[in-house]
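Enquirer: Have a look at this one.
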Amino acid sequence: MHRKRNCLAALLFALLLPMTGWASEPPVSEEAPSVPPPEPAAREWHYWMRLEATTLALLPRAGVGDDEGFIQVEPTFILDGGPEFGFNLGAPIRFRMWGGNDGGALVRREDWDTLSDWGQLIRGLLLGSDDAPVGVWFGPLEGHKLLSGHLVRRYSNRTNPNYHPAGGIFTGTAGPLYTQAFASDVLGARLVGAEFSLDVEHIFFGQPEKGGRYTLALSAVHDWGRAGGHAPSMTLAHLDAMAIVVARSDLEAHLLAGWGGRPGEGGAWG
């Protein structure tokens, strides 16, 4: 009788416990196929077309020249293929309304009288990017600086209103070596330059988290002296050593040493 009471008490205690369930997952086979990586997104293309028309008057400056009036028509076509490809084509075409001393030509002759002027059709052509091993840019140059800026700084190839060239910039990266080259006029012999920058920290300690802190650089520029007249051609070269001693988001401090000048004529420290 005592044993029956013990069994009944154990049964009642079990019924009073909260109901709990267990579930087990089937074992995963070690040979199950892995999920393939997602495919890269397809390139998206965007384009834009526009045509603008306006009037334009060119007035004499300091009493020199004749006043001229034009109707300016400006077609534009833009194709955007992502961060590593795109181009912008178009140029203002000025139809004469009055004035001028070019025999009454319908289109302003000074805008198209040289081969370089046809470069204005290219407002921007991008191949590659700053993050790619190779990058190319064609178009106007405004405030251009050749890397360290010791030979070329704040250069513009559009200051002459009758000269509309297309410049070109090339960038390339190969391990610790970074290169930039440029031409102020890809359709004419004007000004060209290049700079080769070597990351010293990368050579001795491997690729750093932030490159360009300790560099040696060699730059050279050649001017044919044919822009807006005739002048003696000139070549300049410069050798630089740079160390960034303070690098913060709001402040950088550099130590620079350099030597350069015209090859064969000595040089000067900078």
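The way I read the labels, and the way they are meant: chains A, B, ... in the order of the structure tokens, residue 1 as the first residue of every chain, and ligand 1 as the first ligand shown, with later ones counted on from there.
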What are the closest atom pairs, with distances in Å to one decimal, for all residues of region 219-265 of chain A lying within 8 Å of region 179-203 of chain A? Consider only C-alpha atoms, order rows by chain and residue number, and present the result as JSON lines.
Expert:
```
{"residue": "A:Ser219", "atom": "CA", "partner": "A:Glu195", "partner_atom": "CA", "distance": 4.0}
{"residue": "A:Ala220", "atom": "CA", "partner": "A:Gly193", "partner_atom": "CA", "distance": 5.6}
{"residue": "A:Val221", "atom": "CA", "partner": "A:Gly193", "partner_atom": "CA", "distance": 4.0}
{"residue": "A:His222", "atom": "CA", "partner": "A:Val192", "partner_atom": "CA", "distance": 5.5}
{"residue": "A:Asp223", "atom": "CA", "partner": "A:Leu191", "partner_atom": "CA", "distance": 4.6}
{"residue": "A:Trp224", "atom": "CA", "partner": "A:Arg190", "partner_atom": "CA", "distance": 5.4}
{"residue": "A:Gly225", "atom": "CA", "partner": "A:Arg190", "partner_atom": "CA", "distance": 6.7}
{"residue": "A:Arg226", "atom": "CA", "partner": "A:Arg190", "partner_atom": "CA", "distance": 6.0}
{"residue": "A:Ala227", "atom": "CA", "partner": "A:Arg190", "partner_atom": "CA", "distance": 6.1}
```
Enquirer: Taking C-alpha atoms for each residue, export the selection above as an mmCIF file, in the first residue's frame.
Expert:
```cif
data_model
loop_
_atom_site.group_PDB
_atom_site.id
_atom_site.type_symbol
_atom_site.label_atom_id
_atom_site.label_comp_id
_atom_site.auth_asym_id
_atom_site.auth_seq_id
_atom_site.Cartn_x
_atom_site.Cartn_y
_atom_site.Cartn_z
ATOM 1 C CA SER A 219 59.442 64.512 -61.401
ATOM 2 C CA ALA A 220 60.153 66.106 -64.775
ATOM 3 C CA VAL A 221 58.290 68.574 -67.001
ATOM 4 C CA HIS A 222 58.939 69.691 -70.582
ATOM 5 C CA ASP A 223 57.486 72.802 -72.214
ATOM 6 C CA TRP A 224 57.750 73.167 -75.998
ATOM 7 C CA GLY A 225 57.107 76.914 -75.725
ATOM 8 C CA ARG A 226 54.380 76.951 -78.376
ATOM 9 C CA ALA A 227 51.339 78.037 -76.363
#
```
Enquirer: Just give me the gap between CA of Gly135 (chain A) and CA of Phe170 (chain A) in Å, one decimal is fine.
Expert: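 Computed distance, CA of Gly135 (chain A) to CA of Phe170 (chain A), equals 5.8 Å.
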Enquirer: Would you work out the distance separating CA of Thr173 (chain A) from CA of Asp80 (chain A), expressed in Å to one decimal?
Expert: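 Computed distance, CA of Thr173 (chain A) to CA of Asp80 (chain A), equals 24.3 Å.
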Enquirer: Fewer than 6 positions away in the same chain doesn't count, so skip those; otherwise give me all residues within 12 Å of region 244-258 of chain A, counting only C-alpha atoms, as a PyMOL selection string.
Expert: chain A and resi 148-151+199+201+210-219+237-238+267-270
Enquirer: Within 12 Å of Thr114 (chain A), counting only C-alpha atoms, which residues show up once you throw out same-chain ones fewer than 3 positions away? Write them as a list in words, please.
Expert: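 Returned residues: Arg109, Glu110, Asp111, Asp117, Trp118, Gly119, Gln120, Asn162, Tyr163, His164, Pro165, Asp185, Leu187, Gly188, Ala227 and Gly228 of chain A.
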Enquirer: Export, as a compact mmCIF listing (two decimals), in the first residue's frame, the selected residues with N, CA, C and O atoms.
Expert:
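Result went into selection27.txt, see below:
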```
# COMPACT_ATOMS: atom_id res chain seq x y z
N ARG A 109 35.28 81.88 -85.75
CA ARG A 109 36.42 81.14 -86.28
C ARG A 109 37.46 80.84 -85.21
O ARG A 109 38.12 79.79 -85.25
N GLU A 110 37.65 81.74 -84.24
CA GLU A 110 38.69 81.55 -83.24
C GLU A 110 38.47 80.31 -82.37
O GLU A 110 39.41 79.80 -81.76
N ASP A 111 37.23 79.83 -82.32
CA ASP A 111 36.94 78.65 -81.50
C ASP A 111 37.35 77.34 -82.15
O ASP A 111 37.43 76.31 -81.47
N ASP A 117 41.77 73.02 -80.76
CA ASP A 117 40.43 73.49 -80.41
C ASP A 117 39.39 72.38 -80.48
O ASP A 117 38.36 72.46 -79.80
N TRP A 118 39.64 71.37 -81.28
CA TRP A 118 38.68 70.27 -81.37
C TRP A 118 38.68 69.42 -80.10
O TRP A 118 37.80 68.60 -79.90
N GLY A 119 39.67 69.62 -79.23
CA GLY A 119 39.67 68.92 -77.96
C GLY A 119 38.56 69.35 -77.03
O GLY A 119 38.22 68.63 -76.08
N GLN A 120 37.96 70.53 -77.29
CA GLN A 120 36.88 70.99 -76.42
C GLN A 120 35.63 70.12 -76.54
O GLN A 120 34.74 70.21 -75.69
N ASN A 162 40.54 81.77 -76.66
CA ASN A 162 40.56 81.28 -78.03
C ASN A 162 41.31 79.95 -78.17
O ASN A 162 41.58 79.52 -79.29
N TYR A 163 41.62 79.32 -77.04
CA TYR A 163 42.39 78.07 -77.05
C TYR A 163 41.66 77.07 -76.15
O TYR A 163 41.49 77.30 -74.96
N HIS A 164 41.21 75.97 -76.73
CA HIS A 164 40.33 75.04 -76.01
C HIS A 164 40.84 73.60 -76.10
O HIS A 164 40.21 72.74 -76.71
N PRO A 165 41.99 73.29 -75.53
CA PRO A 165 42.54 71.95 -75.67
C PRO A 165 41.90 70.95 -74.70
O PRO A 165 41.23 71.33 -73.74
N ASP A 185 47.84 69.22 -73.57
CA ASP A 185 47.14 69.24 -74.86
C ASP A 185 47.45 67.93 -75.57
O ASP A 185 48.57 67.72 -76.03
N LEU A 187 46.34 66.94 -78.36
CA LEU A 187 46.36 67.11 -79.81
C LEU A 187 47.44 68.09 -80.27
O LEU A 187 47.52 68.40 -81.46
N GLY A 188 48.27 68.57 -79.37
CA GLY A 188 49.32 69.50 -79.71
C GLY A 188 50.48 69.40 -78.75
O GLY A 188 50.34 68.93 -77.61
N ALA A 227 52.69 77.65 -76.76
CA ALA A 227 51.34 78.04 -76.36
C ALA A 227 51.20 79.55 -76.40
O ALA A 227 51.85 80.27 -75.65
N GLY A 228 50.39 80.07 -77.32
CA GLY A 228 50.16 81.50 -77.41
C GLY A 228 51.35 82.27 -77.92
O GLY A 228 51.53 83.44 -77.57
```
Enquirer: Between A:Leu106, A:Gly143, A:Leu121, A:Leu115, which has the minimum distance to Leu89 (chain A) (counting only C-alpha atoms)?
Expert: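 For Leu89 (chain A), the nearest of the candidates is A:Leu121.
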Enquirer: Identify all residues of region 51-232 of chain A in strand (DSSP E) (DSSP on the backbone) and supply them as a VMD selection string.
Expert: chain A and resid 51 to 58 68 to 80 85 to 90 93 to 98 122 to 128 134 to 139 167 to 174 177 to 183 191 to 199 214 to 223
Enquirer: For each of A:Pro133, A:Gly100, A:Gly86, A:Pro263, take the minimum atom-to-atom distance to Leu58 (chain A), counting only C-alpha atoms, then give the residue where this is smallest.
Expert: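 Checking each of A:Pro133, A:Gly100, A:Gly86, A:Pro263 against Leu58 (chain A), counting only C-alpha atoms, the winner is A:Gly100.
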Enquirer: For a test of reading the model, state the distance in Å between CA of His46 (chain A) and CA of Glu84 (chain A), rounded to one decimal.
Expert: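 That distance, rounded to one decimal, is 13.4 Å.
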Enquirer: Can you list, as an mmCIF file with N, CA and C atoms, in the first residue's frame, all residues belonging to region 28-239 of chain A that DSSP tags as helix (DSSP H, G or I)?
Expert:
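After the write, selection01.cif holds the following:
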```
data_model
loop_
_atom_site.group_PDB
_atom_site.id
_atom_site.type_symbol
_atom_site.label_atom_id
_atom_site.label_comp_id
_atom_site.auth_asym_id
_atom_site.auth_seq_id
_atom_site.Cartn_x
_atom_site.Cartn_y
_atom_site.Cartn_z
ATOM 1 N N ARG A 109 35.281 81.875 -85.748
ATOM 2 C CA ARG A 109 36.420 81.140 -86.279
ATOM 3 C C ARG A 109 37.457 80.837 -85.210
ATOM 4 N N GLU A 110 37.655 81.741 -84.238
ATOM 5 C CA GLU A 110 38.693 81.546 -83.238
ATOM 6 C C GLU A 110 38.474 80.308 -82.374
ATOM 7 N N ASP A 111 37.234 79.827 -82.322
ATOM 8 C CA ASP A 111 36.943 78.647 -81.499
ATOM 9 C C ASP A 111 37.350 77.340 -82.154
ATOM 10 N N LEU A 115 43.900 72.577 -84.522
ATOM 11 C CA LEU A 115 43.559 71.193 -84.190
ATOM 12 C C LEU A 115 43.261 71.042 -82.705
ATOM 13 N N SER A 116 43.984 71.771 -81.870
ATOM 14 C CA SER A 116 43.774 71.664 -80.423
ATOM 15 C C SER A 116 42.376 72.084 -80.011
ATOM 16 N N ASP A 117 41.767 73.022 -80.762
ATOM 17 C CA ASP A 117 40.426 73.492 -80.406
ATOM 18 C C ASP A 117 39.385 72.382 -80.479
ATOM 19 N N TRP A 118 39.643 71.369 -81.281
ATOM 20 C CA TRP A 118 38.685 70.267 -81.366
ATOM 21 C C TRP A 118 38.683 69.416 -80.100
ATOM 22 N N GLY A 119 39.672 69.622 -79.233
ATOM 23 C CA GLY A 119 39.668 68.916 -77.958
ATOM 24 C C GLY A 119 38.558 69.355 -77.034
ATOM 25 N N GLN A 120 37.958 70.529 -77.288
ATOM 26 C CA GLN A 120 36.876 70.989 -76.423
ATOM 27 C C GLN A 120 35.627 70.116 -76.542
ATOM 28 N N LEU A 121 35.554 69.276 -77.557
ATOM 29 C CA LEU A 121 34.424 68.350 -77.662
ATOM 30 C C LEU A 121 34.427 67.328 -76.529
ATOM 31 N N VAL A 200 58.721 54.259 -49.468
ATOM 32 C CA VAL A 200 59.852 53.611 -48.808
ATOM 33 C C VAL A 200 59.378 52.652 -47.725
ATOM 34 N N GLU A 201 58.349 53.013 -46.986
ATOM 35 C CA GLU A 201 57.832 52.139 -45.931
ATOM 36 C C GLU A 201 57.333 50.823 -46.503
ATOM 37 N N HIS A 202 56.712 50.877 -47.675
ATOM 38 C CA HIS A 202 56.214 49.663 -48.330
ATOM 39 C C HIS A 202 57.361 48.726 -48.680
ATOM 40 N N ILE A 203 58.496 49.263 -49.100
ATOM 41 C CA ILE A 203 59.625 48.431 -49.505
ATOM 42 C C ILE A 203 60.218 47.672 -48.323
ATOM 43 N N PHE A 204 60.388 48.342 -47.187
ATOM 44 C CA PHE A 204 61.082 47.722 -46.051
ATOM 45 C C PHE A 204 60.164 46.970 -45.100
ATOM 46 N N PHE A 205 58.894 47.367 -44.984
ATOM 47 C CA PHE A 205 58.028 46.763 -43.978
ATOM 48 C C PHE A 205 56.736 46.183 -44.557
#
```
Enquirer: Skip Glu52 (chain A) itself and residues of its chain fewer than 3 positions away, then list as a JSON list (two decimals) with N, CA, C and O atoms, in the first residue's frame all residues within 8 Å of it, counting only C-alpha atoms.
Expert:
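Saved to out.json:
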```
[["chain", "number", "residue", "atom", "x", "y", "z"],
["A", 73, "VAL", "N", 24.74, 77.79, -79.16],
["A", 73, "VAL", "CA", 24.04, 76.51, -79.06],
["A", 73, "VAL", "C", 25.01, 75.50, -78.47],
["A", 73, "VAL", "O", 26.14, 75.35, -78.97],
["A", 74, "GLU", "N", 24.59, 74.82, -77.42],
["A", 74, "GLU", "CA", 25.50, 73.93, -76.69],
["A", 74, "GLU", "C", 24.87, 72.55, -76.50],
["A", 74, "GLU", "O", 24.07, 72.34, -75.59],
["A", 75, "PRO", "N", 25.19, 71.59, -77.38],
["A", 75, "PRO", "CA", 24.70, 70.22, -77.19],
["A", 75, "PRO", "C", 25.57, 69.47, -76.18],
["A", 75, "PRO", "O", 26.78, 69.72, -76.08]]
```
